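Here's the structure we're looking at; comments come further down.
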Amino acid sequence: MNETRTRVLLGSPIHQKPAILEQFLNSLLRLNLTNIELHFYLIDDNPDEASSQLLQQFTQSGRTVFLQSSGFHDAYIRDDTTHFWNSNLVWKVAGFKNLMIRRAEAFDYDYLFLIDSDLILHPDTLLHLISTGKDIISEVFWTQWQPGTLLQPQVWMHDEYNQWEVLPGEQLSHEEINLRFHAFLMKMQQPGIYEVGGLGACTLISSRAIASGASYDRVHNISYWGEDRHFCIRAAALGIPLYVDTHYPALHLYRDSDLLKVPEFIRQTSPAAGAAPGWQDAQDAPGEAEAETNARRSDADSARTAPEAGRSGAQDAPGEVEAETNAGRSEADSARTAPEAGRSGAQDAQDAPGEVEAETNARRSDADAAGGEEAAARQEAVQGDAEASPADKRALDASAEWDALWTEAEARRHLSKEPPPEGGGEVRLPHAGPAAGAAADAAEGADAAGLSAAHGAAAGSSAASANSAAVRRPKLTLTMVVKNEGSRFLRQVLQEHRKYIDEAVIIDDGSTDDTADICREVLQGIPLHLIHNSVSKFSNESELRKQQWEAVIETQPEWILSLDADEIFEAGFPEEVDALLRADNCDLFCFRLYDFWDDTHYREDMYWRSHQSYRPFLLRYREDFTYLWNDLPQHCGRLPENIFELSHQLSNLRLKHLGWSRPEYRLEKYLRYMLLDPDGQYGWKEQYLSILDQHPHLMPWSE
């Protein structure tokens, strides 16, 4: 009998030392996942290559892991006394957490479990938090924010970090505050579920809370430090109560010296000796392998750790919990036992510049349900083998899961692109009218239909099939709208595209230069449908895009790649695209678009952050789907507006937009936008004006 499984996305921004990170990852594999489908979204913000390698190894351990590089190289200073935060780090982590919220929303997870990478969890933590039925709840952990001070929980009652109860307008003496402070600490040591005013670092957030507007965006009229405070204030304003659970305190590795506490914590929280293999040991069982799925909780009282045993730890990766310190505090201050002594630990984390709020109305399709009939069969097989050992069951899970999913390396090894069709040459469409299209890069910095979140598995074919390599790769049709691109980037981008496309449909929107000749020359040997518009239709982009779409459909496409004449993928795309095209569980792939301001730098500021959201570029054409278009004359989108009703995934492959990379091109675009949309009715006027900024903020590009 198959029971409904709760779908959980575990998210963690990670900027961590290898020794602590390894213990954190091991802790995740000890989680009891009875009736839970757990996926991981990890953001690698590590300056230490060893930590990045640990994360890469974790992706190969058989779990469903989306690992995304942050692209940042920030310094985060911590020592055995405390951690040193700055505002940029805090809001960078807030942006990372918002990305995770958007992914949980886009793929319809039941819960998002945000956890800092310096926590070691009790195996029953996640299962228990779900069982509480709360929309926002954290598991408690305890920390000495500075040496010689009291252990304090990461939750508080009101304001920035006040750990005592007070009624509105109530005036308390220092003595009364001290009494209530210690009463609060005593209560947090008693197993239970308590409503609090603030929390963070080990937090379960329900889909209902996300749909209600929970996020880590800055609340601009509040000066409190730390993104968790802004998250909690927003939740309270939305009417979502906040709770802490104290049944299974986590171990916080706040200092390197706290690593010495890990063995005892593992011993106390393990149902049986040796029951929890490390994640590196588990790589040979790449199924769900959740090490303790069939383990039963030990007696709660004996398994729980007292606060002293489990609560001194540390959130450390920038963007994990928030021990912000008041510099310059004297030893006498740090030794206080009064409430003020420990309050300087600030819970929070980092943000990806610009708070990354690309929202999506996308809904997860049946294909995203992760598992389907294969998962059900696998579950029945495991349940039916009552005699099997846990290791045997992991092996059964592993064999079934790898039948349905390829690694990136396997995809490269097994899949190969067919040679270009013989003959090639330009193909005339029988019904091609005089309509046309121009380079619709109008929406580059503020386009619609972006997904903030991150990238699903790219290979969906069965690696178990001995004949997989011989299966025909689906046809990939490139479509573009071009106008007078001969002296720009057209030749460069087509030379790259021809490495992996099978066909091209190009609308020449009234060119007066050699644009059409370049298309024929560079794409020689590849079927080319080149349609000429005598009069440009760029002033009505929706009409142009519909014409482009109809021209593509007449070629009976399988996959459609819609790009502009100044857009080019990063160098690894030709090797990766085959796996995308062979995916049988996805109809749409979204990518991040980076606006280049010169040959080696892209722009990033409040007006230019398109790379912080995901946009649709690669679409599987389905004849049984009704496509609907946005009729705006500008910024209508290059693909139909309802495509997110199809199953979709996010890809880590990046797209470079070269159209802003020369001063003369920027001036030309500025004048065009001011002519076509002077009031910013269809775009963002402030962004139009920022095109001519003399000192924009630029970031170096690396591959």
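Ordering of the structure tokens sets the chain letters (A, B, ...), residue numbers begin anew at 1 in every chain, and ligands are numbered from 1 in the order given.
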- In range 190-267 of chain A, DSSP strand (DSSP E) residues written as number ranges by chain: A: 193-196, 202-206, 242-252
- Task: For Phe569 in chain A, work out the shell of residues within 9 Å, counting only C-alpha atoms and skipping chain neighbours fewer than 2 positions away, then give it as a PyMOL selection string.
- Result: chain A and resi 493+496-497+567+571-574+653-657
- Which is closest to Pro263 in chain A among A:Ser661, A:Gln190, A:Pro527, A:Gln23, if we use only C-alpha atoms? A:Gln23
Please, which residues of range 151-226 of chain A, numbered as in this document, come out alpha helix (DSSP H) from DSSP, as a short mmCIF file (atom, residue, chain, number, x, y, z; two decimals) with N, CA and C atoms, in the first residue's frame?
data_model
loop_
_atom_site.label_atom_id
_atom_site.label_comp_id
_atom_site.auth_asym_id
_atom_site.auth_seq_id
_atom_site.Cartn_x
_atom_site.Cartn_y
_atom_site.Cartn_z
N HIS A 174 15.09 46.25 35.77
CA HIS A 174 16.18 45.35 35.39
C HIS A 174 16.06 44.01 36.10
N GLU A 175 15.62 44.05 37.36
CA GLU A 175 15.47 42.80 38.10
C GLU A 175 14.39 41.92 37.48
N GLU A 176 13.25 42.53 37.08
CA GLU A 176 12.18 41.76 36.48
C GLU A 176 12.59 41.20 35.12
N ILE A 177 13.32 41.99 34.36
CA ILE A 177 13.82 41.50 33.06
C ILE A 177 14.71 40.29 33.28
N ASN A 178 15.59 40.36 34.29
CA ASN A 178 16.50 39.25 34.55
C ASN A 178 15.74 37.99 34.94
N LEU A 179 14.70 38.14 35.79
CA LEU A 179 13.89 37.00 36.19
C LEU A 179 13.19 36.38 34.98
N ARG A 180 12.60 37.21 34.15
CA ARG A 180 11.87 36.69 32.99
C ARG A 180 12.82 36.08 31.96
N PHE A 181 14.00 36.65 31.84
CA PHE A 181 15.00 36.11 30.93
C PHE A 181 15.36 34.67 31.32
N HIS A 182 15.65 34.46 32.59
CA HIS A 182 16.01 33.13 33.04
C HIS A 182 14.82 32.18 32.97
N ALA A 183 13.62 32.69 33.18
CA ALA A 183 12.42 31.85 33.04
C ALA A 183 12.27 31.39 31.58
N PHE A 184 12.57 32.29 30.65
CA PHE A 184 12.50 31.93 29.23
C PHE A 184 13.51 30.83 28.90
N LEU A 185 14.75 30.98 29.41
CA LEU A 185 15.75 29.96 29.16
C LEU A 185 15.34 28.61 29.74
N MET A 186 14.75 28.63 30.91
CA MET A 186 14.29 27.38 31.53
C MET A 186 13.20 26.74 30.68
N LYS A 187 12.27 27.55 30.18
CA LYS A 187 11.19 27.00 29.36
C LYS A 187 11.74 26.37 28.09
N MET A 188 12.73 27.01 27.47
CA MET A 188 13.29 26.48 26.23
C MET A 188 14.02 25.15 26.45
N SER A 207 4.09 25.40 2.44
CA SER A 207 3.68 26.02 1.18
C SER A 207 2.62 27.08 1.42
N ARG A 208 1.80 26.91 2.46
CA ARG A 208 0.79 27.93 2.76
C ARG A 208 1.45 29.24 3.17
N ALA A 209 2.50 29.16 3.97
CA ALA A 209 3.21 30.37 4.38
C ALA A 209 3.86 31.05 3.19
N ILE A 210 4.44 30.27 2.29
CA ILE A 210 5.07 30.84 1.10
C ILE A 210 4.02 31.51 0.22
N ALA A 211 2.89 30.84 0.03
CA ALA A 211 1.82 31.42 -0.79
C ALA A 211 1.27 32.69 -0.16
#
- Item | Shell around His695 in chain A at 12 Å using only C-alpha atoms, local window under 4 positions removed, as a ChimeraX atom specification | /A:597,603-605,690-691
